[in-house]
>>> print(open('protein33.txt').read())   # compact mmCIF, N, CA and C atoms
# COMPACT_ATOMS: atom_id res chain seq x y z
N GLN A 1 116.77 86.06 98.67
CA GLN A 1 116.90 87.47 98.96
C GLN A 1 115.54 88.14 98.93
N VAL A 2 115.32 89.05 99.86
CA VAL A 2 114.06 89.76 99.96
C VAL A 2 114.34 91.26 99.87
N GLN A 3 113.60 91.93 99.02
CA GLN A 3 113.67 93.39 98.94
C GLN A 3 112.39 93.97 99.52
N LEU A 4 112.56 94.98 100.37
CA LEU A 4 111.43 95.61 101.03
C LEU A 4 111.39 97.08 100.67
N VAL A 5 110.22 97.57 100.33
CA VAL A 5 110.06 98.98 99.97
C VAL A 5 108.88 99.55 100.75
N GLU A 6 109.16 100.56 101.58
CA GLU A 6 108.11 101.21 102.35
C GLU A 6 107.53 102.39 101.56
N SER A 7 106.29 102.69 101.85
CA SER A 7 105.63 103.86 101.27
C SER A 7 104.53 104.31 102.20
N GLY A 8 104.00 105.50 101.93
CA GLY A 8 102.88 106.00 102.71
C GLY A 8 103.23 107.05 103.73
N GLY A 9 104.50 107.35 103.87
CA GLY A 9 104.90 108.39 104.81
C GLY A 9 104.51 109.76 104.30
N GLY A 10 104.68 110.75 105.16
CA GLY A 10 104.36 112.11 104.77
C GLY A 10 104.25 113.02 105.97
N LEU A 11 103.68 114.21 105.71
CA LEU A 11 103.49 115.21 106.74
C LEU A 11 102.01 115.21 107.17
N VAL A 12 101.78 115.14 108.46
CA VAL A 12 100.41 115.11 108.98
C VAL A 12 100.35 115.91 110.27
N GLN A 13 99.20 116.47 110.55
CA GLN A 13 99.03 117.22 111.80
C GLN A 13 98.80 116.26 112.96
N ALA A 14 99.14 116.72 114.13
CA ALA A 14 98.91 115.93 115.33
C ALA A 14 97.43 115.53 115.41
N GLY A 15 97.20 114.28 115.76
CA GLY A 15 95.85 113.75 115.81
C GLY A 15 95.41 113.07 114.53
N GLY A 16 96.19 113.25 113.48
CA GLY A 16 95.86 112.66 112.20
C GLY A 16 96.29 111.22 112.08
N SER A 17 96.11 110.67 110.88
CA SER A 17 96.40 109.26 110.62
C SER A 17 97.21 109.10 109.34
N LEU A 18 97.98 108.04 109.32
CA LEU A 18 98.70 107.62 108.12
C LEU A 18 98.70 106.10 108.08
N ARG A 19 98.78 105.57 106.88
CA ARG A 19 98.91 104.12 106.72
C ARG A 19 100.17 103.85 105.91
N LEU A 20 101.11 103.19 106.55
CA LEU A 20 102.34 102.80 105.87
C LEU A 20 102.18 101.42 105.25
N SER A 21 102.82 101.26 104.11
CA SER A 21 102.83 99.97 103.44
C SER A 21 104.27 99.52 103.24
N CYS A 22 104.45 98.23 103.23
CA CYS A 22 105.76 97.63 102.98
C CYS A 22 105.55 96.52 101.96
N ALA A 23 106.07 96.73 100.77
CA ALA A 23 105.93 95.76 99.69
C ALA A 23 107.20 94.93 99.59
N ALA A 24 107.03 93.63 99.54
CA ALA A 24 108.17 92.73 99.44
C ALA A 24 108.28 92.15 98.04
N SER A 25 109.50 91.93 97.61
CA SER A 25 109.74 91.29 96.32
C SER A 25 110.97 90.42 96.41
N GLY A 26 111.15 89.59 95.42
CA GLY A 26 112.31 88.73 95.37
C GLY A 26 112.05 87.35 95.95
N ARG A 27 111.26 87.29 96.96
CA ARG A 27 110.90 86.03 97.61
C ARG A 27 109.68 86.29 98.46
N THR A 28 108.81 85.32 98.53
CA THR A 28 107.63 85.51 99.35
C THR A 28 108.02 85.69 100.82
N THR A 29 107.34 86.58 101.49
CA THR A 29 107.61 86.80 102.91
C THR A 29 106.59 86.09 103.79
N SER A 30 105.80 85.20 103.20
CA SER A 30 104.77 84.52 103.98
C SER A 30 105.35 83.64 105.08
N ASN A 31 106.63 83.28 104.94
CA ASN A 31 107.28 82.48 105.98
C ASN A 31 108.11 83.32 106.94
N TYR A 32 108.05 84.63 106.78
CA TYR A 32 108.84 85.53 107.62
C TYR A 32 107.93 86.27 108.59
N ALA A 33 108.44 86.43 109.78
CA ALA A 33 107.82 87.40 110.68
C ALA A 33 108.28 88.79 110.22
N MET A 34 107.43 89.78 110.48
CA MET A 34 107.72 91.13 110.01
C MET A 34 107.68 92.11 111.17
N GLY A 35 108.41 93.18 111.01
CA GLY A 35 108.39 94.20 112.06
C GLY A 35 108.49 95.59 111.47
N TRP A 36 108.01 96.56 112.23
CA TRP A 36 108.19 97.97 111.93
C TRP A 36 109.05 98.58 113.03
N PHE A 37 110.01 99.36 112.60
CA PHE A 37 110.88 100.10 113.51
C PHE A 37 110.89 101.56 113.07
N ARG A 38 111.38 102.43 113.93
CA ARG A 38 111.48 103.83 113.57
C ARG A 38 112.74 104.44 114.18
N GLN A 39 113.22 105.48 113.53
CA GLN A 39 114.41 106.15 114.00
C GLN A 39 114.23 107.65 113.86
N ALA A 40 114.25 108.33 114.99
CA ALA A 40 114.17 109.78 115.01
C ALA A 40 115.58 110.35 114.97
N PRO A 41 115.73 111.60 114.54
CA PRO A 41 117.07 112.21 114.47
C PRO A 41 117.78 112.16 115.82
N GLY A 42 119.01 111.68 115.79
CA GLY A 42 119.82 111.63 117.00
C GLY A 42 119.47 110.52 117.96
N LYS A 43 118.56 109.64 117.55
CA LYS A 43 118.16 108.54 118.42
C LYS A 43 118.42 107.20 117.75
N GLU A 44 118.43 106.15 118.57
CA GLU A 44 118.60 104.81 118.03
C GLU A 44 117.30 104.33 117.39
N ARG A 45 117.46 103.38 116.47
CA ARG A 45 116.29 102.78 115.86
C ARG A 45 115.53 101.97 116.92
N GLU A 46 114.24 102.18 117.00
CA GLU A 46 113.46 101.52 118.05
C GLU A 46 112.30 100.72 117.46
N PHE A 47 111.92 99.72 118.22
CA PHE A 47 110.83 98.83 117.84
C PHE A 47 109.50 99.56 117.91
N VAL A 48 108.64 99.28 116.92
CA VAL A 48 107.29 99.83 116.91
C VAL A 48 106.25 98.71 117.03
N ALA A 49 106.32 97.73 116.12
CA ALA A 49 105.33 96.67 116.11
C ALA A 49 105.87 95.48 115.34
N SER A 50 105.33 94.30 115.63
CA SER A 50 105.75 93.11 114.91
C SER A 50 104.56 92.17 114.73
N ILE A 51 104.70 91.25 113.78
CA ILE A 51 103.61 90.34 113.45
C ILE A 51 104.19 89.01 113.01
N THR A 52 103.54 87.93 113.41
CA THR A 52 104.00 86.61 113.01
C THR A 52 103.72 86.35 111.54
N SER A 53 104.27 85.28 111.01
CA SER A 53 104.16 85.00 109.58
C SER A 53 102.71 84.81 109.14
N THR A 54 101.88 84.27 110.00
CA THR A 54 100.47 84.07 109.65
C THR A 54 99.61 85.28 109.98
N GLY A 55 100.18 86.22 110.72
CA GLY A 55 99.41 87.38 111.15
C GLY A 55 98.58 87.13 112.39
N GLY A 56 98.74 85.96 112.99
CA GLY A 56 97.90 85.62 114.12
C GLY A 56 98.29 86.28 115.43
N ILE A 57 99.54 86.71 115.52
CA ILE A 57 100.01 87.33 116.76
C ILE A 57 100.71 88.64 116.41
N THR A 58 100.39 89.67 117.18
CA THR A 58 101.02 90.97 117.00
C THR A 58 101.55 91.47 118.33
N TYR A 59 102.58 92.29 118.24
CA TYR A 59 103.17 92.90 119.43
C TYR A 59 103.39 94.39 119.14
N TYR A 60 103.34 95.18 120.19
CA TYR A 60 103.49 96.62 120.03
C TYR A 60 104.37 97.20 121.13
N ALA A 61 105.09 98.25 120.78
CA ALA A 61 105.77 99.05 121.80
C ALA A 61 104.71 99.76 122.63
N ASP A 62 105.01 99.96 123.89
CA ASP A 62 104.04 100.61 124.78
C ASP A 62 103.65 102.00 124.26
N SER A 63 104.59 102.68 123.62
CA SER A 63 104.34 104.05 123.17
C SER A 63 103.31 104.15 122.05
N VAL A 64 103.05 103.03 121.35
CA VAL A 64 102.11 103.08 120.23
C VAL A 64 100.90 102.19 120.45
N LYS A 65 100.89 101.45 121.52
CA LYS A 65 99.79 100.52 121.79
C LYS A 65 98.46 101.28 121.87
N GLY A 66 97.48 100.77 121.16
CA GLY A 66 96.17 101.41 121.14
C GLY A 66 96.03 102.47 120.06
N ARG A 67 97.13 102.86 119.45
CA ARG A 67 97.08 103.88 118.38
C ARG A 67 97.49 103.29 117.03
N PHE A 68 98.43 102.36 117.03
CA PHE A 68 98.95 101.77 115.79
C PHE A 68 98.45 100.34 115.66
N THR A 69 98.28 99.90 114.41
CA THR A 69 97.89 98.52 114.14
C THR A 69 98.73 97.97 113.01
N ILE A 70 99.38 96.86 113.27
CA ILE A 70 100.15 96.18 112.23
C ILE A 70 99.29 95.07 111.64
N SER A 71 99.40 94.88 110.33
CA SER A 71 98.66 93.81 109.66
C SER A 71 99.47 93.37 108.45
N ARG A 72 99.06 92.27 107.85
CA ARG A 72 99.75 91.79 106.67
C ARG A 72 98.77 91.10 105.74
N ASP A 73 99.14 91.08 104.48
CA ASP A 73 98.38 90.38 103.45
C ASP A 73 99.38 89.52 102.69
N ASN A 74 99.45 88.25 103.04
CA ASN A 74 100.45 87.38 102.42
C ASN A 74 100.18 87.15 100.94
N ALA A 75 98.95 87.25 100.53
CA ALA A 75 98.63 87.10 99.11
C ALA A 75 99.25 88.24 98.30
N LYS A 76 99.39 89.40 98.92
CA LYS A 76 99.98 90.56 98.26
C LYS A 76 101.43 90.77 98.65
N ASN A 77 101.94 89.89 99.52
CA ASN A 77 103.33 90.02 99.97
C ASN A 77 103.57 91.41 100.57
N ALA A 78 102.67 91.82 101.44
CA ALA A 78 102.73 93.18 101.97
C ALA A 78 102.42 93.20 103.46
N VAL A 79 102.97 94.21 104.11
CA VAL A 79 102.71 94.46 105.52
C VAL A 79 102.32 95.93 105.66
N TYR A 80 101.46 96.20 106.62
CA TYR A 80 100.95 97.55 106.78
C TYR A 80 101.09 98.02 108.24
N LEU A 81 101.12 99.32 108.39
CA LEU A 81 101.09 99.91 109.72
C LEU A 81 100.11 101.08 109.69
N GLN A 82 98.95 100.87 110.30
CA GLN A 82 97.95 101.92 110.42
C GLN A 82 98.28 102.73 111.67
N MET A 83 98.48 104.02 111.47
CA MET A 83 98.87 104.89 112.57
C MET A 83 97.79 105.95 112.79
N ASN A 84 97.16 105.91 113.94
CA ASN A 84 96.12 106.87 114.30
C ASN A 84 96.57 107.71 115.48
N SER A 85 95.87 108.81 115.68
CA SER A 85 96.16 109.71 116.81
C SER A 85 97.65 110.03 116.87
N LEU A 86 98.19 110.41 115.75
CA LEU A 86 99.63 110.67 115.67
C LEU A 86 100.02 111.86 116.52
N ARG A 87 101.22 111.78 117.06
CA ARG A 87 101.76 112.82 117.93
C ARG A 87 103.09 113.30 117.36
N PRO A 88 103.52 114.49 117.72
CA PRO A 88 104.82 114.97 117.22
C PRO A 88 105.98 114.04 117.54
N ASP A 89 105.91 113.33 118.67
CA ASP A 89 107.02 112.43 119.01
C ASP A 89 106.99 111.13 118.22
N ASP A 90 106.01 110.98 117.33
CA ASP A 90 106.01 109.85 116.38
C ASP A 90 106.84 110.18 115.14
N THR A 91 107.31 111.41 115.02
CA THR A 91 108.11 111.81 113.87
C THR A 91 109.40 111.00 113.82
N ALA A 92 109.62 110.36 112.67
CA ALA A 92 110.78 109.49 112.51
C ALA A 92 110.77 108.93 111.09
N VAL A 93 111.87 108.27 110.76
CA VAL A 93 111.89 107.44 109.56
C VAL A 93 111.43 106.04 109.99
N TYR A 94 110.46 105.51 109.29
CA TYR A 94 109.89 104.21 109.63
C TYR A 94 110.41 103.15 108.66
N TYR A 95 110.86 102.04 109.24
CA TYR A 95 111.43 100.95 108.47
C TYR A 95 110.64 99.66 108.70
N CYS A 96 110.47 98.89 107.65
CA CYS A 96 109.94 97.54 107.84
C CYS A 96 111.10 96.56 107.69
N ALA A 97 110.93 95.41 108.30
CA ALA A 97 111.99 94.41 108.32
C ALA A 97 111.38 93.02 108.34
N ALA A 98 112.14 92.06 107.83
CA ALA A 98 111.68 90.67 107.76
C ALA A 98 112.67 89.77 108.49
N ALA A 99 112.12 88.81 109.22
CA ALA A 99 112.96 87.89 109.99
C ALA A 99 112.45 86.46 109.85
N ARG A 100 113.38 85.55 109.79
CA ARG A 100 113.01 84.14 109.87
C ARG A 100 112.66 83.89 111.33
N ALA A 101 111.40 83.82 111.62
CA ALA A 101 110.96 83.75 113.01
C ALA A 101 111.41 82.46 113.66
N GLY A 102 112.17 82.57 114.70
CA GLY A 102 112.60 81.43 115.47
C GLY A 102 112.48 81.74 116.94
N THR A 103 113.19 80.96 117.73
CA THR A 103 113.11 81.15 119.18
C THR A 103 113.47 82.56 119.59
N SER A 104 114.50 83.11 118.97
CA SER A 104 114.95 84.45 119.36
C SER A 104 113.91 85.50 119.02
N TRP A 105 113.20 85.31 117.92
CA TRP A 105 112.17 86.29 117.55
C TRP A 105 111.05 86.25 118.58
N TYR A 106 110.58 85.06 118.86
CA TYR A 106 109.46 84.93 119.79
C TYR A 106 109.85 85.36 121.20
N SER A 107 111.08 85.06 121.60
CA SER A 107 111.48 85.41 122.97
C SER A 107 111.56 86.92 123.16
N THR A 108 111.81 87.64 122.09
CA THR A 108 111.87 89.11 122.18
C THR A 108 110.62 89.77 121.62
N ARG A 109 109.65 88.98 121.22
CA ARG A 109 108.40 89.48 120.62
C ARG A 109 108.69 90.34 119.39
N GLY A 110 109.78 89.96 118.71
CA GLY A 110 110.12 90.67 117.50
C GLY A 110 110.68 92.06 117.70
N SER A 111 111.08 92.40 118.91
CA SER A 111 111.51 93.76 119.21
C SER A 111 113.01 93.99 119.04
N ASP A 112 113.77 92.92 118.83
CA ASP A 112 115.22 93.04 118.70
C ASP A 112 115.60 93.19 117.24
N ARG A 113 116.06 94.36 116.87
CA ARG A 113 116.36 94.61 115.45
C ARG A 113 117.50 93.74 114.94
N ALA A 114 118.33 93.22 115.84
CA ALA A 114 119.48 92.41 115.42
C ALA A 114 119.07 91.08 114.78
N ILE A 115 117.86 90.63 115.04
CA ILE A 115 117.46 89.32 114.54
C ILE A 115 116.75 89.40 113.19
N TYR A 116 116.61 90.62 112.65
CA TYR A 116 115.97 90.77 111.35
C TYR A 116 116.98 90.62 110.23
N ASP A 117 116.55 89.94 109.19
CA ASP A 117 117.46 89.61 108.09
C ASP A 117 117.43 90.64 106.96
N TYR A 118 116.30 91.25 106.75
CA TYR A 118 116.14 92.18 105.63
C TYR A 118 115.46 93.46 106.11
N TRP A 119 115.88 94.58 105.50
CA TRP A 119 115.36 95.89 105.86
C TRP A 119 115.00 96.69 104.61
N GLY A 120 113.99 97.53 104.74
CA GLY A 120 113.68 98.48 103.70
C GLY A 120 114.51 99.74 103.88
N GLN A 121 114.30 100.69 102.98
CA GLN A 121 115.09 101.92 102.99
C GLN A 121 114.47 102.99 103.88
N GLY A 122 113.22 102.78 104.29
CA GLY A 122 112.57 103.70 105.20
C GLY A 122 111.68 104.71 104.51
N THR A 123 110.69 105.21 105.26
CA THR A 123 109.82 106.27 104.78
C THR A 123 109.64 107.29 105.90
N GLN A 124 109.71 108.56 105.56
CA GLN A 124 109.67 109.62 106.55
C GLN A 124 108.24 109.92 106.97
N VAL A 125 108.04 109.99 108.27
CA VAL A 125 106.76 110.42 108.84
C VAL A 125 107.05 111.65 109.70
N THR A 126 106.36 112.73 109.41
CA THR A 126 106.53 113.96 110.16
C THR A 126 105.18 114.41 110.69
N VAL A 127 105.09 114.59 112.00
CA VAL A 127 103.84 114.99 112.64
C VAL A 127 104.04 116.39 113.21
N SER A 128 103.25 117.32 112.72
CA SER A 128 103.37 118.70 113.17
C SER A 128 102.39 118.96 114.31
N SER A 129 102.79 119.87 115.19
CA SER A 129 101.95 120.17 116.36
C SER A 129 100.96 121.29 116.06
>>> encode(input="protein33.txt", output="structure tokens")
Amino acid sequence: QVQLVESGGGLVQAGGSLRLSCAASGRTTSNYAMGWFRQAPGKEREFVASITSTGGITYYADSVKGRFTISRDNAKNAVYLQMNSLRPDDTAVYYCAAARAGTSWYSTRGSDRAIYDYWGQGTQVTVSS
């Protein structure tokens, strides 16, 4: 069993930056691929970014490419999402998730939330204009 806890959310002005963290416990996540998703009010949860277990490959949604960076530190059992040039439409609850990376993960570049095994409770990010 893996427990995930996100932190680092908050209120920021447009153009600002935030760094989200996801701390894992219960079992090492070094063998899991990880992903960040977000859900805005009234919308479905959507893919933001994903990273392989070694951190060697990353994928991003087109809407955040060039602004967000996903990274991980397996020694600390943690995953991060650096968010720069934030926009009001980035406002959402951000979730991290862990998946046993297999064919389905790679074929979808980690963007399919159905293939993730564990989820955190989310952290709110609000970007004001």
>>> closest_atom_pairs(input="protein33.txt", of="stretch 102-122 of chain A", to="stretch 70-93 of chain A", cutoff="12 Å", atoms="only C-alpha atoms", output="CSV")
residue,atom,partner,partner_atom,distance
A:Gly120,CA,A:Val93,CA,10.9
A:Gln121,CA,A:Val93,CA,9.2
A:Gly122,CA,A:Val93,CA,5.8
>>> residues_around(input="protein33.txt", residues="A:Arg38", least_positions_apart="2", cutoff="7 Å", atoms="all atoms listed in the file", output="list in words")
Trp36, Ala40, Glu44, Arg45, Glu46, Phe47, Val48, Ala92, Val93, Tyr94 and Tyr95 of chain A
>>> atom_distance(input="protein33.txt", atom1="atom CA of A:Ser17", atom2="atom CA of A:Ser128")
12.0 Å
>>> select_by_dssp(input="protein33.txt", residues="chain A", states="strand (DSSP E or B)", output="PyMOL selection string")
chain A and resi 3-7+10-13+18-25+33-39+46-51+58-60+68-73+78-83+92-99+118-119+123-128
>>> atom_distance(input="protein33.txt", atom1="atom CA of A:Ser30", atom2="atom N of A:Ile51")
11.9 Å
>>> select_by_dssp(input="protein33.txt", residues="chain A", states="alpha helix (DSSP H)", output="PyMOL selection string")
chain A and resi 103-108
>>> closest_residue(input="protein33.txt", among="A:Ser50, A:Thr28, A:Ser104, A:Thr123", to="A:Glu6", atoms="all atoms listed in the file")
A:Thr123
>>> atom_distance(input="protein33.txt", atom1="atom CA of A:Tyr106", atom2="atom CA of A:Ser25")
24.3 Å
>>> closest_residue(input="protein33.txt", among="A:Cys22, A:Val12, A:Val64, A:Leu4", to="A:Tyr118", atoms="only N, CA and C atoms")
A:Leu4
>>> closest_residue(input="protein33.txt", among="A:Arg109, A:Gln3, A:Thr29, A:Leu20", to="A:Thr58", atoms="only N, CA and C atoms")
A:Arg109
>>> axis_aligned_box(input="protein33.txt", around="stretch 23-29 of chain A", padding_each_side="4 Å", output="lines of an AutoDock Vina configuration file")
center_x = 109.1
center_y = 91.0
center_z = 99.6
size_x = 14.4
size_y = 19.4
size_z = 16.4
>>> residues_around(input="protein33.txt", residues="A:Gly9", least_positions_apart="4", cutoff="8 Å", atoms="only C-alpha atoms", output="number ranges by chain")
A: 18-20, 123-126
>>> residues_near_point(input="protein33.txt", point="(108.5, 85.7, 113.7)", cutoff="8 Å", atoms="only N, CA and C atoms", output="PyMOL selection string")
chain A and resi 31-35+50-54+98-106+109-110
>>> decode(input="protein33.txt", residues="stretch 18-33 of chain A", atoms="N, CA and C atoms", output="mmCIF file, in the first residue's frame")
data_model
loop_
_atom_site.group_PDB
_atom_site.id
_atom_site.type_symbol
_atom_site.label_atom_id
_atom_site.label_comp_id
_atom_site.auth_asym_id
_atom_site.auth_seq_id
_atom_site.Cartn_x
_atom_site.Cartn_y
_atom_site.Cartn_z
ATOM 1 N N LEU A 18 4.772 28.230 -8.284
ATOM 2 C CA LEU A 18 4.571 27.378 -7.116
ATOM 3 C C LEU A 18 5.294 26.065 -7.366
ATOM 4 N N ARG A 19 5.689 25.432 -6.279
ATOM 5 C CA ARG A 19 6.291 24.098 -6.383
ATOM 6 C C ARG A 19 5.481 23.154 -5.510
ATOM 7 N N LEU A 20 4.858 22.189 -6.153
ATOM 8 C CA LEU A 20 4.103 21.176 -5.435
ATOM 9 C C LEU A 20 5.003 19.995 -5.105
ATOM 10 N N SER A 21 4.746 19.412 -3.952
ATOM 11 C CA SER A 21 5.459 18.216 -3.544
ATOM 12 C C SER A 21 4.471 17.099 -3.278
ATOM 13 N N CYS A 22 4.921 15.896 -3.490
ATOM 14 C CA CYS A 22 4.116 14.708 -3.213
ATOM 15 C C CYS A 22 5.009 13.739 -2.453
ATOM 16 N N ALA A 23 4.682 13.527 -1.196
ATOM 17 C CA ALA A 23 5.459 12.634 -0.346
ATOM 18 C C ALA A 23 4.766 11.286 -0.259
ATOM 19 N N ALA A 24 5.535 10.237 -0.476
ATOM 20 C CA ALA A 24 4.988 8.887 -0.426
ATOM 21 C C ALA A 24 5.428 8.183 0.839
ATOM 22 N N SER A 25 4.555 7.340 1.348
ATOM 23 C CA SER A 25 4.895 6.525 2.513
ATOM 24 C C SER A 25 4.219 5.177 2.393
ATOM 25 N N GLY A 26 4.641 4.264 3.226
ATOM 26 C CA GLY A 26 4.052 2.940 3.235
ATOM 27 C C GLY A 26 4.811 1.949 2.385
ATOM 28 N N ARG A 27 5.329 2.396 1.298
ATOM 29 C CA ARG A 27 6.107 1.556 0.392
ATOM 30 C C ARG A 27 6.886 2.484 -0.519
ATOM 31 N N THR A 28 8.075 2.078 -0.871
ATOM 32 C CA THR A 28 8.853 2.915 -1.766
ATOM 33 C C THR A 28 8.162 3.041 -3.123
ATOM 34 N N THR A 29 8.201 4.217 -3.682
ATOM 35 C CA THR A 29 7.601 4.443 -4.996
ATOM 36 C C THR A 29 8.652 4.426 -6.097
ATOM 37 N N SER A 30 9.854 3.975 -5.779
ATOM 38 C CA SER A 30 10.918 3.991 -6.783
ATOM 39 C C SER A 30 10.625 3.061 -7.960
ATOM 40 N N ASN A 31 9.708 2.113 -7.753
ATOM 41 C CA ASN A 31 9.327 1.217 -8.839
ATOM 42 C C ASN A 31 8.041 1.645 -9.535
ATOM 43 N N TYR A 32 7.513 2.786 -9.140
ATOM 44 C CA TYR A 32 6.254 3.264 -9.701
ATOM 45 C C TYR A 32 6.501 4.461 -10.607
ATOM 46 N N ALA A 33 5.771 4.487 -11.682
ATOM 47 C CA ALA A 33 5.678 5.724 -12.439
ATOM 48 C C ALA A 33 4.723 6.651 -11.678
#
